[in-house]
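K.L.:
Mind having a look at this structure? Questions to follow.
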Amino acid sequence: MERTSDEQFRRGPILAALIIGAFTALLSQTLLNVALPPMMEDLGIGANMVQWVQTGYMLVNGVLVPISAFLIHRFKARTLFLASVWLFLAGTVLCPFSPSFGVLMSGRIVQAAGAGIMMPLMTVVILNIFPVEERGKAMGLMGLSMIFAPAVGPTLSGWIVEHYSWRVLFYIVIPVSVVSLVFGYRFMKNVTKTSPQKLDPLGVVLSTLGFGGILYGFSDAGDAGWSDSVVIASLAVGAAALLWFVLRELKAEKPLLEFRVFRYSMFSLTTLINVIVTMAMFSGMILLPIYLQTLRGFSPLEAGLLLLPGALLMGIM
C-alpha cells in the first residue's frame, strides 16, 4: 500500500493526536519521581521496592519495542493507536485505587504496555505521512512537545504531593488520556501498510528474560549486594538470554529486532552515547528526589523545583 496522499488526510490533526499521546505517556513516567518518598511511606515499602514503579515501567516499554515492530506490520495504525491509548487509560484508572504495591505495579505495567506500543508507532507514522524534507521539522516539534512533560512533571507533582495525596497524580493523567483517545478516534488514519507476519515466540521470551534479568539483577544488587545468589543468577540468566537473542536475530531472515544496523560504526557510537546519557539522566531523576526528601529534608515542591532547570535546559537544547 502506498503512502496515503495529502487529499485523504490532514497531517496536523494526526500529529496532534500523536503528540498528546506521547506527552501523556512521558508525563506519567516523570510525574512520579518526586512522589516516590510519600508512596514509600503510604504503602510501607522501601526505596529498592518503590523504584520499580519507574524501572518496571521502563522495562515493559523496552520489552515491547521488538514486539511493537511485529504489531505495526500486522495491524493498522489507527487500530494500534487506539488500542495503545485504551491500555494506557485502563492502567491509569487502576493505579489511584491501588490498596497495595502489587495492584499499583499491575496498573503501571498496563500503562507501560500502552506507552510501549505508542512510542514506536509514533515514529513510524511520522515517517509515513511526512516527506523526507519535512521529517526533521516534524521530529523537532514532536521532541519539543515531549520534553515539556519531563520539564513540568517533577514541579507539578511536587506541588500536588505537598498539598494532596500522590494518588491525585493519576487523576490528572486520566483526562489527558481521554483527550488523546478522542483525537485518535477523530483524526488518526491508517497510514501504514500491513502484511502477514509471524511472531517469534522464542525471540519474545529471550528478549524478556534478557532485559528483565539484567535490570532485576542491577536493581536488587542495591539492596541485597552483588554477592547475593539471586542477583548473580538474575544477571547470569539475563546475559545468557540476551546473547542468545542477539545471535538468533542476526541469523533470522525476518528478525524481531534488527541488530545488523550495528555494523555501521556511527550508528553504534551514537547508540552507546545515548545509552550512557539515558542511564545518567534517569538514575538522577529517580534517586535525587528520594535523597533530597528523605536525607536532606526538602519538601516535595522544593525537590521538584530543583529538577526544573535541568529539564528546561534539556528542552531548549
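Labels used: A, B, ... for chains in the order of the C-alpha cells, numbers from 1 for residues in each chain, and numbers from 1 for ligands as shown.
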If you count only C-alpha atoms, which residues fall within 10 Å of Met119 (chain A), apart from same-chain ones fewer than 6 positions away, as a list in words?
P.N.:
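Listing them by chain and then by number gives Leu18, Ile19, Gly21, Ala22, Ala25, Leu26, Asn61, Val65, Ser68, Phe81 and Ser84 of chain A.
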K.L.:
Can those selected residues be exported to a file as a PDB file, in the first residue's frame so that it contains C-alpha atoms?
P.N.:
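Saved as out.pdb:
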```pdb
ATOM      1  CA  LEU A  18       0.462  11.574  18.392  1.00  0.00           C
ATOM      2  CA  ILE A  19       1.868  14.486  20.418  1.00  0.00           C
ATOM      3  CA  GLY A  21      -0.428  10.531  23.338  1.00  0.00           C
ATOM      4  CA  ALA A  22       3.349  10.789  23.679  1.00  0.00           C
ATOM      5  CA  ALA A  25       2.985   8.614  28.320  1.00  0.00           C
ATOM      6  CA  LEU A  26       6.071  10.674  29.244  1.00  0.00           C
ATOM      7  CA  ASN A  61       8.477  -0.238  27.450  1.00  0.00           C
ATOM      8  CA  VAL A  65       9.819  -2.342  21.440  1.00  0.00           C
ATOM      9  CA  SER A  68       5.816  -3.396  18.521  1.00  0.00           C
ATOM     10  CA  PHE A  81      -3.004   3.659  18.293  1.00  0.00           C
ATOM     11  CA  SER A  84      -2.445   1.553  22.996  1.00  0.00           C
TER      12      SER A  84
END
```
K.L.:
Would you kindly return, as a VMD selection string, each protein, DNA or RNA residue with an atom no farther than 8 Å from any atom of Trp159 (chain A), considering only C-alpha atoms and excluding same-chain residues fewer than 4 positions away?
P.N.:
chain A and resid 155 163 300 to 301 304
K.L.:
Considering only C-alpha atoms, return as number ranges by chain whatever protein or nucleic-acid residues lie within 9 Å of Leu144 (chain A), sequence-local ones (same chain, fewer than 4 positions apart) excluded.
P.N.:
A: 139-140, 148, 315-316
K.L.:
From a DSSP pass on the backbone, collect the residues of region 34-245 of chain A flagged as helix (DSSP H, G or I) and hand them back as a ChimeraX atom specification.
P.N.:
/A:36-43,47-50,52-74,77-97,101-129,132-163,168-187,201-224,229-245
K.L.:
So the first atom is CA of Val178 (chain A) and the second is CA of Gly114 (chain A); what is the distance between them in Å, to one decimal place?
P.N.:
13.6 Å
K.L.:
To one decimal place in Å, what is the distance between CA of Val231 (chain A) and CA of Val246 (chain A)?
P.N.:
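According to the coordinates, CA of Val231 (chain A) and CA of Val246 (chain A) are separated by 22.4 Å.
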